[in-house]
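Structure file start23.cif; described as mmCIF, C-alpha atoms and all ligand atoms.
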```
data_run
loop_
_atom_site.label_atom_id
_atom_site.label_comp_id
_atom_site.auth_asym_id
_atom_site.auth_seq_id
_atom_site.Cartn_x
_atom_site.Cartn_y
_atom_site.Cartn_z
CA MET A 1 10.53 6.34 -11.97
CA TYR A 2 14.00 5.38 -10.85
CA LEU A 3 14.02 8.01 -8.15
CA PHE A 4 10.91 6.30 -6.85
CA VAL A 5 12.51 2.85 -6.95
CA GLN A 6 15.63 4.09 -5.20
CA LYS A 7 13.56 5.83 -2.55
CA TYR A 8 11.55 2.67 -2.07
CA ALA A 9 14.67 0.53 -1.86
CA VAL A 10 16.30 2.82 0.66
CA LEU A 11 13.19 2.97 2.79
CA SER A 12 12.58 -0.75 2.72
CA GLU A 13 13.69 -2.37 5.97
CA GLN A 14 14.96 -5.48 4.24
CA SER A 15 16.34 -3.46 1.28
CA ALA A 16 15.87 -6.71 -0.63
CA LEU A 17 14.90 -4.89 -3.76
CA ARG A 18 18.04 -2.74 -3.70
CA GLU A 19 20.25 -5.81 -3.27
CA TYR A 20 18.34 -7.57 -5.99
CA LEU A 21 18.65 -4.62 -8.35
CA CYS A 22 22.42 -4.43 -7.87
CA ARG A 23 22.95 -8.15 -8.38
CA ARG A 24 20.59 -8.40 -11.29
CA VAL A 25 22.30 -5.56 -13.08
CA LEU A 26 25.68 -7.17 -12.68
CA VAL A 27 24.89 -10.79 -13.44
CA PRO A 28 22.19 -11.82 -15.92
CA LEU A 29 22.43 -9.37 -18.76
CA ALA A 30 20.29 -11.64 -20.87
CA ALA A 31 17.35 -11.04 -18.56
CA PHE A 32 17.53 -7.29 -19.14
CA PRO A 33 16.71 -5.55 -22.39
CA MET A 34 19.50 -3.10 -23.24
CA ALA A 35 17.18 -0.13 -22.96
CA ALA A 36 16.48 -1.01 -19.34
CA ILE A 37 20.21 -1.50 -18.66
CA ALA A 38 21.02 1.85 -20.20
CA ARG A 39 18.42 3.51 -17.97
CA LEU A 40 19.83 1.77 -14.91
CA VAL A 41 23.38 2.76 -15.77
CA LYS A 42 22.27 6.36 -16.03
CA CYS A 43 20.12 6.42 -12.96
CA THR A 44 21.64 4.08 -10.39
CA PRO A 45 24.03 5.98 -8.12
CA TYR A 46 25.08 2.95 -6.12
CA LEU A 47 26.37 1.07 -9.15
CA PRO A 48 30.19 0.91 -8.97
CA CYS A 49 32.12 2.71 -11.74
CA ALA A 50 33.59 -0.51 -13.11
CA ALA A 51 30.12 -1.95 -13.47
CA ARG A 52 28.95 1.19 -15.27
CA ARG A 53 31.83 0.89 -17.74
CA PHE A 54 31.16 -2.82 -18.24
CA LEU A 55 27.47 -2.32 -18.80
CA SER A 56 27.93 0.58 -21.21
CA HIS A 57 30.04 -1.70 -23.44
CA ALA A 58 28.01 -4.87 -22.95
CA PRO A 59 27.11 -6.57 -26.24
CA LEU A 60 23.48 -6.49 -27.32
CA GLN A 61 21.64 -9.64 -26.31
CA LYS A 62 19.48 -10.96 -29.15
CA GLU A 63 16.93 -13.03 -27.30
CA ARG A 64 15.69 -13.61 -23.84
CA ASN A 65 12.85 -15.65 -22.45
CA VAL A 66 9.39 -14.14 -22.09
CA GLN A 67 8.57 -11.85 -19.18
CA TRP A 68 4.80 -11.94 -18.93
CA VAL A 69 2.22 -11.05 -16.31
CA PHE A 70 -1.17 -12.66 -15.71
CA LEU A 71 -3.91 -10.47 -14.27
CA GLY A 72 -7.44 -11.46 -13.31
CA CYS A 73 -9.92 -11.78 -10.44
CA PRO A 74 -9.53 -14.45 -7.76
CA GLY A 75 -10.77 -17.76 -9.16
CA VAL A 76 -10.52 -16.80 -12.83
CA GLY A 77 -7.87 -19.45 -13.54
CA LYS A 78 -4.61 -17.44 -13.65
CA GLY A 79 -2.68 -20.28 -11.99
CA THR A 80 -4.05 -22.95 -14.32
CA TYR A 81 -3.28 -21.14 -17.57
CA ALA A 82 -0.05 -19.48 -16.41
CA SER A 83 1.41 -22.82 -15.31
CA ARG A 84 0.41 -24.52 -18.59
CA LEU A 85 2.05 -21.72 -20.58
CA CYS A 86 5.17 -21.92 -18.41
CA ASN A 87 5.49 -25.64 -19.20
CA LEU A 88 5.13 -24.86 -22.87
CA LEU A 89 7.60 -21.96 -22.92
CA GLY A 90 10.09 -23.35 -20.41
CA VAL A 91 9.93 -20.41 -18.01
CA PRO A 92 9.17 -20.41 -14.28
CA HIS A 93 5.64 -19.78 -13.04
CA ILE A 94 5.97 -17.33 -10.17
CA ALA A 95 2.74 -16.92 -8.21
CA THR A 96 3.00 -14.46 -5.33
CA GLY A 97 0.06 -16.23 -3.63
CA ASP A 98 2.21 -19.40 -3.55
CA LEU A 99 5.13 -17.43 -2.11
CA VAL A 100 2.87 -16.07 0.61
CA ARG A 101 1.47 -19.54 1.40
CA SER A 102 4.93 -21.07 1.53
CA GLU A 103 6.11 -18.31 3.91
CA LEU A 104 3.00 -19.02 6.00
CA SER A 105 3.65 -22.73 6.23
CA SER A 106 7.35 -22.19 7.00
CA LYS A 107 6.27 -20.69 10.34
CA GLY A 108 8.93 -18.02 9.81
CA PRO A 109 8.90 -14.60 11.52
CA LEU A 110 6.26 -13.21 9.13
CA SER A 111 3.85 -16.10 9.27
CA SER A 112 1.44 -15.03 12.03
CA GLN A 113 1.17 -11.51 10.56
CA LEU A 114 0.57 -12.99 7.09
CA SER A 115 -2.01 -15.52 8.20
CA GLU A 116 -4.19 -12.78 9.69
CA ILE A 117 -4.03 -10.67 6.51
CA VAL A 118 -4.60 -13.55 4.09
CA ASN A 119 -7.48 -15.02 6.08
CA GLN A 120 -9.25 -11.67 6.01
CA GLY A 121 -8.86 -11.50 2.23
CA LYS A 122 -6.67 -8.37 2.49
CA LEU A 123 -3.52 -7.62 0.52
CA VAL A 124 -0.12 -8.20 2.06
CA SER A 125 2.01 -5.02 2.19
CA ASP A 126 3.99 -4.08 -0.90
CA GLU A 127 7.21 -4.26 1.16
CA ILE A 128 6.62 -7.89 2.19
CA ILE A 129 5.56 -8.93 -1.31
CA MET A 130 8.61 -7.24 -2.88
CA SER A 131 10.86 -8.96 -0.39
CA LEU A 132 9.35 -12.43 -1.10
CA LEU A 133 9.42 -11.84 -4.85
CA SER A 134 13.00 -10.53 -4.89
CA LYS A 135 14.14 -13.60 -2.98
CA ARG A 136 12.28 -15.93 -5.36
CA LEU A 137 13.77 -14.24 -8.43
CA ALA A 138 17.26 -14.30 -6.96
CA ASP A 139 16.95 -18.02 -6.05
CA GLY A 140 15.75 -18.78 -9.59
CA GLU A 141 18.55 -16.79 -11.10
CA ALA A 142 21.09 -18.74 -9.06
CA LYS A 143 19.60 -21.92 -10.59
CA GLY A 144 19.94 -20.47 -14.09
CA GLU A 145 16.29 -19.56 -14.63
CA SER A 146 15.51 -16.90 -17.18
CA GLY A 147 12.20 -15.25 -18.04
CA PHE A 148 8.99 -15.76 -16.07
CA ILE A 149 5.24 -15.58 -15.99
CA LEU A 150 4.12 -13.65 -12.93
CA ASP A 151 0.75 -14.62 -11.51
CA GLY A 152 -0.93 -12.45 -8.87
CA PHE A 153 1.68 -9.70 -9.21
CA PRO A 154 1.48 -6.75 -9.64
CA ARG A 155 -1.75 -6.26 -7.72
CA THR A 156 -1.44 -2.57 -6.94
CA ILE A 157 -0.31 0.44 -8.98
CA LYS A 158 2.68 0.81 -6.65
CA GLN A 159 3.76 -2.79 -7.37
CA ALA A 160 3.33 -2.17 -11.12
CA GLU A 161 5.51 0.95 -10.90
CA ILE A 162 8.22 -0.88 -8.99
CA LEU A 163 8.19 -3.71 -11.52
CA GLU A 164 8.35 -1.24 -14.39
CA GLY A 165 11.38 0.32 -12.72
CA VAL A 166 13.37 -2.91 -12.60
CA THR A 167 12.55 -4.70 -15.83
CA ASP A 168 10.54 -4.61 -19.06
CA ILE A 169 7.37 -6.68 -19.18
CA ASP A 170 6.60 -7.89 -22.70
CA LEU A 171 2.94 -8.78 -22.33
CA VAL A 172 0.16 -8.69 -19.76
CA VAL A 173 -2.68 -11.17 -20.17
CA ASN A 174 -5.91 -10.10 -18.49
CA LEU A 175 -8.06 -13.18 -17.99
CA LYS A 176 -11.78 -12.64 -17.63
CA ILE A 177 -14.73 -14.86 -16.97
CA GLN A 178 -18.42 -14.27 -16.31
CA GLU A 179 -18.71 -12.86 -12.80
CA GLU A 180 -21.25 -15.47 -11.72
CA ALA A 181 -18.66 -18.20 -12.12
CA LEU A 182 -15.97 -16.62 -9.93
CA LEU A 183 -17.38 -17.40 -6.48
CA ALA A 184 -18.28 -20.98 -7.44
CA LYS A 185 -14.79 -21.52 -8.87
CA CYS A 186 -13.08 -20.25 -5.71
CA LEU A 187 -15.32 -22.35 -3.46
CA GLY A 188 -14.71 -25.44 -5.63
CA ARG A 189 -10.89 -25.16 -5.49
CA ARG A 190 -9.05 -28.11 -3.95
CA ILE A 191 -5.34 -28.81 -3.52
CA CYS A 192 -3.75 -32.23 -3.03
CA ASN A 193 -1.70 -31.88 0.13
CA GLU A 194 0.71 -34.55 -1.09
CA CYS A 195 1.52 -33.65 -4.73
CA GLY A 196 0.40 -29.99 -4.57
CA GLY A 197 -1.86 -30.46 -7.65
CA ASN A 198 -4.69 -27.96 -8.13
CA PHE A 199 -8.20 -29.23 -8.86
CA ASN A 200 -11.74 -27.91 -8.91
CA VAL A 201 -14.89 -29.76 -7.92
CA ALA A 202 -17.29 -27.03 -9.12
CA SER A 203 -19.60 -27.84 -11.98
CA ILE A 204 -20.66 -24.59 -13.58
CA SER A 205 -23.49 -24.07 -16.02
CA ILE A 206 -24.64 -20.54 -16.81
CA LYS A 207 -27.61 -19.96 -19.11
CA GLY A 208 -27.14 -17.65 -22.06
CA GLU A 209 -29.47 -14.64 -21.79
CA ASN A 210 -29.67 -10.94 -22.70
CA GLY A 211 -26.81 -11.25 -25.18
CA ARG A 212 -24.60 -13.06 -22.69
CA PRO A 213 -23.33 -16.41 -24.00
CA ALA A 214 -24.02 -19.65 -22.13
CA MET A 215 -21.06 -21.13 -20.31
CA VAL A 216 -20.35 -24.64 -19.09
CA MET A 217 -17.33 -25.61 -17.02
CA ASP A 218 -16.86 -29.19 -16.00
CA PRO A 219 -15.09 -30.00 -12.73
CA LEU A 220 -11.36 -30.61 -12.92
CA LEU A 221 -11.24 -33.75 -10.82
CA PRO A 222 -8.07 -35.21 -9.29
CA PRO A 223 -6.78 -38.71 -10.03
CA ALA A 224 -8.00 -41.42 -7.63
CA HIS A 225 -4.78 -41.41 -5.56
CA CYS A 226 -5.20 -37.69 -4.69
CA MET A 227 -8.91 -37.93 -3.83
CA SER A 228 -8.47 -38.58 -0.09
CA LYS A 229 -5.76 -35.91 0.26
CA LEU A 230 -7.70 -32.90 -0.97
CA ILE A 231 -7.64 -29.75 1.12
CA THR A 232 -9.33 -26.36 0.73
CA ARG A 233 -7.42 -23.07 1.10
CA SER A 234 -8.31 -21.34 4.36
CA ASP A 235 -9.10 -18.13 2.43
CA ASP A 236 -11.53 -19.84 0.04
CA THR A 237 -14.62 -19.33 2.22
CA GLU A 238 -17.56 -17.35 0.83
CA ALA A 239 -17.04 -14.27 3.04
CA VAL A 240 -13.29 -14.08 2.34
CA VAL A 241 -13.71 -14.64 -1.41
CA GLN A 242 -16.28 -11.78 -1.53
CA GLU A 243 -13.78 -9.52 0.24
CA ARG A 244 -10.98 -10.56 -2.16
CA LEU A 245 -13.24 -9.77 -5.12
CA ARG A 246 -14.03 -6.35 -3.61
CA ILE A 247 -10.35 -5.63 -3.04
CA TYR A 248 -9.55 -6.76 -6.58
CA SER A 249 -11.88 -4.17 -8.06
CA GLU A 250 -10.59 -1.44 -5.74
CA LYS A 251 -6.83 -2.05 -5.82
CA SER A 252 -6.01 -4.38 -8.71
CA GLN A 253 -8.38 -3.32 -11.48
CA PRO A 254 -6.48 -0.02 -11.91
CA VAL A 255 -3.42 -2.13 -12.80
CA GLU A 256 -5.28 -3.24 -15.97
CA GLU A 257 -5.47 0.41 -17.09
CA PHE A 258 -1.78 0.91 -16.18
CA TYR A 259 -0.81 -1.72 -18.76
CA ARG A 260 -3.59 -0.88 -21.24
CA SER A 261 -2.27 2.66 -21.50
CA ARG A 262 1.18 1.22 -22.29
CA GLY A 263 -0.24 -0.98 -25.07
CA LYS A 264 0.76 -4.18 -23.25
CA LEU A 265 -2.63 -5.57 -22.23
CA LEU A 266 -4.16 -8.56 -23.98
CA GLU A 267 -7.76 -9.06 -22.85
CA PHE A 268 -8.88 -12.67 -22.96
CA ASP A 269 -12.43 -13.79 -22.17
CA LEU A 270 -12.41 -17.44 -21.13
CA PRO A 271 -15.16 -19.11 -23.14
CA GLY A 272 -15.52 -22.10 -20.77
CA GLY A 273 -13.34 -24.78 -19.21
CA ILE A 274 -9.82 -25.84 -20.19
CA PRO A 275 -10.79 -27.86 -23.32
CA GLU A 276 -12.40 -24.81 -24.99
CA SER A 277 -10.24 -22.08 -23.48
CA TRP A 278 -6.69 -23.47 -23.86
CA PRO A 279 -6.62 -23.68 -27.69
CA LYS A 280 -8.23 -20.23 -27.98
CA LEU A 281 -5.70 -18.75 -25.57
CA LEU A 282 -2.84 -20.27 -27.59
CA GLN A 283 -4.33 -18.75 -30.73
CA ALA A 284 -4.65 -15.34 -29.08
CA LEU A 285 -0.99 -15.57 -28.05
CA ASN A 286 0.14 -16.78 -31.49
CA LEU A 287 1.39 -19.98 -29.88
CA TYR A 288 -0.87 -22.51 -31.54
CA ASP A 289 1.82 -23.73 -33.94
CA TYR A 290 4.41 -23.52 -31.18
CA GLU A 291 2.53 -26.15 -29.16
CA GLU A 292 2.26 -28.44 -32.18
CA LYS A 293 5.99 -28.10 -32.92
CA GLN A 294 6.85 -28.81 -29.28
CA SER A 295 4.76 -31.99 -29.23
CA VAL A 296 6.28 -33.19 -32.51
CA ALA A 297 9.80 -32.53 -31.15
CA ALA A 298 9.05 -34.31 -27.84
N1 LIG B 1 0.92 -9.17 -5.22
C1 LIG B 1 0.33 -9.30 -4.02
N2 LIG B 1 0.18 -8.21 -3.21
C2 LIG B 1 -0.39 -8.32 -2.01
N3 LIG B 1 -0.87 -9.46 -1.50
C3 LIG B 1 -0.75 -10.58 -2.26
C4 LIG B 1 -0.14 -10.55 -3.55
N4 LIG B 1 -0.15 -11.81 -4.07
C5 LIG B 1 -0.75 -12.58 -3.15
N5 LIG B 1 -1.11 -11.85 -2.06
C6 LIG B 1 -1.78 -12.36 -0.83
O1 LIG B 1 -1.96 -13.78 -0.96
C7 LIG B 1 -3.37 -14.10 -1.02
C8 LIG B 1 -3.57 -15.25 -1.99
O2 LIG B 1 -3.18 -14.84 -3.28
P1 LIG B 1 -3.56 -15.69 -4.58
O3 LIG B 1 -3.19 -17.11 -4.38
O4 LIG B 1 -2.96 -14.98 -5.74
O5 LIG B 1 -5.13 -15.65 -4.58
P2 LIG B 1 -6.30 -15.30 -5.58
O6 LIG B 1 -7.06 -16.55 -5.66
O7 LIG B 1 -7.03 -14.23 -4.82
O8 LIG B 1 -5.79 -14.83 -6.91
C9 LIG B 1 -4.04 -12.79 -1.41
O9 LIG B 1 -5.39 -12.74 -0.99
C10 LIG B 1 -3.18 -11.78 -0.67
O10 LIG B 1 -3.47 -11.75 0.71
#
```
Here is a file; write its structure as structure tokens.
Amino acid sequence: MYLFVQKYAVLSEQSALREYLCRRVLVPLAAFPMAAIARLVKCTPYLPCAARRFLSHAPLQKERNVQWVFLGCPGVGKGTYASRLCNLLGVPHIATGDLVRSELSSKGPLSSQLSEIVNQGKLVSDEIIMSLLSKRLADGEAKGESGFILDGFPRTIKQAEILEGVTDIDLVVNLKIQEEALLAKCLGRRICNECGGNFNVASISIKGENGRPAMVMDPLLPPAHCMSKLITRSDDTEAVVQERLRIYSEKSQPVEEFYRSRGKLLEFDLPGGIPESWPKLLQALNLYDYEEKQSVAA
């Protein structure tokens, strides 16, 4: 695995991952379980000797913040639930789709290439995604962030292997919803272009039949002051959403098996909208009491 990561890092034009690996090994020990550090010490040839000595004698860190991943089809609600959990757990919500959109709007050197890929519903190359993600993690680290919930990453087996090579993921939540609801949810998505809030104007009602339960999802409407500022993502058109769903089953579904085989996958079927799903998700994650304690302490 490490040979692969090193090869990748050497080949990468930006070599952002290599830089990130070196800095992350030297600075935030708390973010790395000792087993991962020990593997890095053994396998990283470009780690200076002094750093090797330091790391081999580093004290065991007792606790670190969660390092979770959210998987799921476009429109399933990864962003909604991942950001709620991040608020609860005090860790950053890192959505690679947001990183891509922010690179796009920055009109930087990558933006025209990215806009073409995103607007066709295709996946951005692993190299570009790794470079954006490494930069985001390094910026967060400089601000003292620890732990994360990743949303929209990894989306390919290669990305999952690279991630596995640099850190230990504690848990992978695979969100699922009835397929019929996915397209409507994507087409109903709206973003306030002032506050950045995410809303959904879709009203979904699916009849229960042939053993399938009924499902109702009310719209998630914005407050009055956002109403006139709502925009739709350029890749949330019917044709592009269909292509993203196709690519999800081809490239991203295998990532579910990658984590299932490692015993890290928690499957969660969303029973409906936020009012029904949020408490059940907290229960599935053993966080129900945690939320109560947090609100009492607040
Ligand atoms: N991990 C990734 N690998 C490759 N491309 C990505 C990744 N994350 C985001 N993207 C690009 O950004 C677009 C938007 O991503 P996202 O906001 O996560 O959308 P979705 O609603 O499909 O989950 C994707 O269609 C893809 O082009």
Taking all atoms listed in the file and a cut-off of 8 Å, can you tell me which residues surround ligand LIG 1 (chain B), written as a JSON list (two decimals) with C-alpha atoms, keeping the file's coordinate frame?
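Dumped to result_20.json:
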```json
[["chain", "number", "residue", "atom", "x", "y", "z"],
["A", 72, "GLY", "CA", -7.44, -11.46, -13.31],
["A", 73, "CYS", "CA", -9.92, -11.78, -10.44],
["A", 74, "PRO", "CA", -9.53, -14.45, -7.76],
["A", 75, "GLY", "CA", -10.77, -17.76, -9.16],
["A", 76, "VAL", "CA", -10.52, -16.80, -12.83],
["A", 78, "LYS", "CA", -4.61, -17.44, -13.65],
["A", 95, "ALA", "CA", 2.74, -16.92, -8.21],
["A", 96, "THR", "CA", 3.00, -14.46, -5.33],
["A", 97, "GLY", "CA", 0.06, -16.23, -3.63],
["A", 98, "ASP", "CA", 2.21, -19.40, -3.55],
["A", 99, "LEU", "CA", 5.13, -17.43, -2.11],
["A", 100, "VAL", "CA", 2.87, -16.07, 0.61],
["A", 101, "ARG", "CA", 1.47, -19.54, 1.40],
["A", 114, "LEU", "CA", 0.57, -12.99, 7.09],
["A", 117, "ILE", "CA", -4.03, -10.67, 6.51],
["A", 118, "VAL", "CA", -4.60, -13.55, 4.09],
["A", 119, "ASN", "CA", -7.48, -15.02, 6.08],
["A", 120, "GLN", "CA", -9.25, -11.67, 6.01],
["A", 121, "GLY", "CA", -8.86, -11.50, 2.23],
["A", 122, "LYS", "CA", -6.67, -8.37, 2.49],
["A", 123, "LEU", "CA", -3.52, -7.62, 0.52],
["A", 124, "VAL", "CA", -0.12, -8.20, 2.06],
["A", 125, "SER", "CA", 2.01, -5.02, 2.19],
["A", 126, "ASP", "CA", 3.99, -4.08, -0.90],
["A", 129, "ILE", "CA", 5.56, -8.93, -1.31],
["A", 151, "ASP", "CA", 0.75, -14.62, -11.51],
["A", 152, "GLY", "CA", -0.93, -12.45, -8.87],
["A", 153, "PHE", "CA", 1.68, -9.70, -9.21],
["A", 154, "PRO", "CA", 1.48, -6.75, -9.64],
["A", 155, "ARG", "CA", -1.75, -6.26, -7.72],
["A", 156, "THR", "CA", -1.44, -2.57, -6.94],
["A", 159, "GLN", "CA", 3.76, -2.79, -7.37],
["A", 186, "CYS", "CA", -13.08, -20.25, -5.71],
["A", 235, "ASP", "CA", -9.10, -18.13, 2.43],
["A", 236, "ASP", "CA", -11.53, -19.84, 0.04],
["A", 241, "VAL", "CA", -13.71, -14.64, -1.41],
["A", 244, "ARG", "CA", -10.98, -10.56, -2.16],
["A", 245, "LEU", "CA", -13.24, -9.77, -5.12]]
```
Rank A:Ile157, A:Val66, A:Ile94, A:Leu88 by their smallest atom-to-atom distance to Glu257 in chain A, using only C-alpha atoms, and report the top residue only. A:Ile157
For Val166 in chain A, which of A:Ser252, A:Asn286, A:Thr80, A:Ser134 is the closest residue, counting all atoms listed in the file? A:Ser134
How would you write as number ranges by chain the residues that get within 10 Å of (-4.7, -20.2, -20.3) in the file's frame, counting all atoms listed in the file? A: 70, 77-85, 173, 175, 268, 270, 273-274, 277-282, 285
Taking all atoms of range 179-194 of chain A that the file lists and extending 8 Å past them on each side, where is the centre of the axis-aligned box and how long are its edges? Answer in Å to one decimal, as AutoDock Vina command-line options.
```
--center_x -10.3 --center_y -23.7 --center_z -6.3 --size_x 38.0 --size_y 37.7 --size_z 28.9
```
Choose the residue, out of A:Phe199, A:Trp68, A:Tyr259, A:Tyr290, that has the smallest atom-to-atom separation from Lys229 in chain A; count all atoms listed in the file.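 Among the listed residues, A:Phe199 lies closest to Lys229 in chain A.
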Interatomic distance, CA of Arg190 in chain A to CA of Leu137 in chain A (Å, one decimal):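 Distance reported for this atom pair: 27.1 Å.
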In terms of all atoms listed in the file, the residue from A:Ile231, A:Val172, A:Ile162, A:Ala214 at minimal distance from Glu194 in chain A is A:Ile231
Expressed in Å to a single decimal, how great is the separation between CA of Ile247 in chain A and CA of Glu116 in chain A?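 Distance reported for this atom pair: 15.8 Å.
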Could you tell me how far CA of Met217 in chain A sits from CA of Ile191 in chain A, in Å to one decimal place?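 Taking CA of Ile191 in chain A and CA of Met217 in chain A, their separation equals 18.3 Å.
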Nearest residue to Arg136 in chain A from the set A:Ser112, A:Thr167, A:Ser102, A:Gln178 (distances using all atoms listed in the file): A:Ser102
Pick out the closest residue to Glu179 in chain A from this set: A:Asn65, A:Ser106, A:Gln242, A:Gln113. Count all atoms listed in the file.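 Checking each of A:Asn65, A:Ser106, A:Gln242, A:Gln113 against Glu179 in chain A, counting all atoms listed in the file, the winner is A:Gln242.
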I want to know what sits within 7 Å of Met215 in chain A, based on only C-alpha atoms, with residues of the same chain fewer than 5 positions away left out; could you give that as a ChimeraX atom specification? /A:205-207,271-272
Which protein, DNA or RNA residues have an atom at most 12 Å from (-10.1, -37.3, -8.5), counting all atoms listed in the file? List them as a PyMOL selection string. chain A and resi 190-192+197-201+219-230
Restore N, CA, C and O atoms in range 176-187 of chain A and list the result as an mmCIF file, keeping the file's coordinate frame.
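Writing done, so here's selection.cif:
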```
data_model
loop_
_atom_site.group_PDB
_atom_site.id
_atom_site.type_symbol
_atom_site.label_atom_id
_atom_site.label_comp_id
_atom_site.auth_asym_id
_atom_site.auth_seq_id
_atom_site.Cartn_x
_atom_site.Cartn_y
_atom_site.Cartn_z
ATOM 1 N N LYS A 176 -10.460 -13.024 -18.140
ATOM 2 C CA LYS A 176 -11.780 -12.640 -17.630
ATOM 3 C C LYS A 176 -12.758 -13.788 -17.803
ATOM 4 O O LYS A 176 -12.625 -14.592 -18.734
ATOM 5 N N ILE A 177 -13.720 -13.817 -16.901
ATOM 6 C CA ILE A 177 -14.730 -14.860 -16.970
ATOM 7 C C ILE A 177 -16.026 -14.244 -16.461
ATOM 8 O O ILE A 177 -15.972 -13.236 -15.749
ATOM 9 N N GLN A 178 -17.152 -14.845 -16.792
ATOM 10 C CA GLN A 178 -18.420 -14.270 -16.310
ATOM 11 C C GLN A 178 -18.405 -14.233 -14.780
ATOM 12 O O GLN A 178 -18.029 -15.222 -14.134
ATOM 13 N N GLU A 179 -18.824 -13.093 -14.241
ATOM 14 C CA GLU A 179 -18.710 -12.860 -12.800
ATOM 15 C C GLU A 179 -19.373 -13.950 -11.961
ATOM 16 O O GLU A 179 -18.863 -14.350 -10.913
ATOM 17 N N GLU A 180 -20.508 -14.443 -12.474
ATOM 18 C CA GLU A 180 -21.250 -15.470 -11.720
ATOM 19 C C GLU A 180 -20.418 -16.704 -11.425
ATOM 20 O O GLU A 180 -20.693 -17.420 -10.476
ATOM 21 N N ALA A 181 -19.428 -16.966 -12.282
ATOM 22 C CA ALA A 181 -18.660 -18.200 -12.120
ATOM 23 C C ALA A 181 -17.550 -18.066 -11.075
ATOM 24 O O ALA A 181 -17.055 -19.070 -10.558
ATOM 25 N N LEU A 182 -17.169 -16.808 -10.753
ATOM 26 C CA LEU A 182 -15.970 -16.620 -9.930
ATOM 27 C C LEU A 182 -16.097 -17.220 -8.526
ATOM 28 O O LEU A 182 -15.208 -17.943 -8.074
ATOM 29 N N LEU A 183 -17.217 -16.919 -7.858
ATOM 30 C CA LEU A 183 -17.380 -17.400 -6.480
ATOM 31 C C LEU A 183 -17.396 -18.928 -6.469
ATOM 32 O O LEU A 183 -16.686 -19.568 -5.687
ATOM 33 N N ALA A 184 -18.184 -19.513 -7.393
ATOM 34 C CA ALA A 184 -18.280 -20.980 -7.440
ATOM 35 C C ALA A 184 -16.910 -21.600 -7.698
ATOM 36 O O ALA A 184 -16.543 -22.619 -7.097
ATOM 37 N N LYS A 185 -16.117 -20.960 -8.569
ATOM 38 C CA LYS A 185 -14.790 -21.520 -8.870
ATOM 39 C C LYS A 185 -13.875 -21.458 -7.654
ATOM 40 O O LYS A 185 -13.114 -22.377 -7.394
ATOM 41 N N CYS A 186 -13.931 -20.362 -6.911
ATOM 42 C CA CYS A 186 -13.080 -20.250 -5.710
ATOM 43 C C CYS A 186 -13.514 -21.289 -4.667
ATOM 44 O O CYS A 186 -12.677 -21.951 -4.053
ATOM 45 N N LEU A 187 -14.851 -21.426 -4.491
ATOM 46 C CA LEU A 187 -15.320 -22.350 -3.460
ATOM 47 C C LEU A 187 -15.068 -23.812 -3.852
ATOM 48 O O LEU A 187 -14.989 -24.687 -3.000
#
```
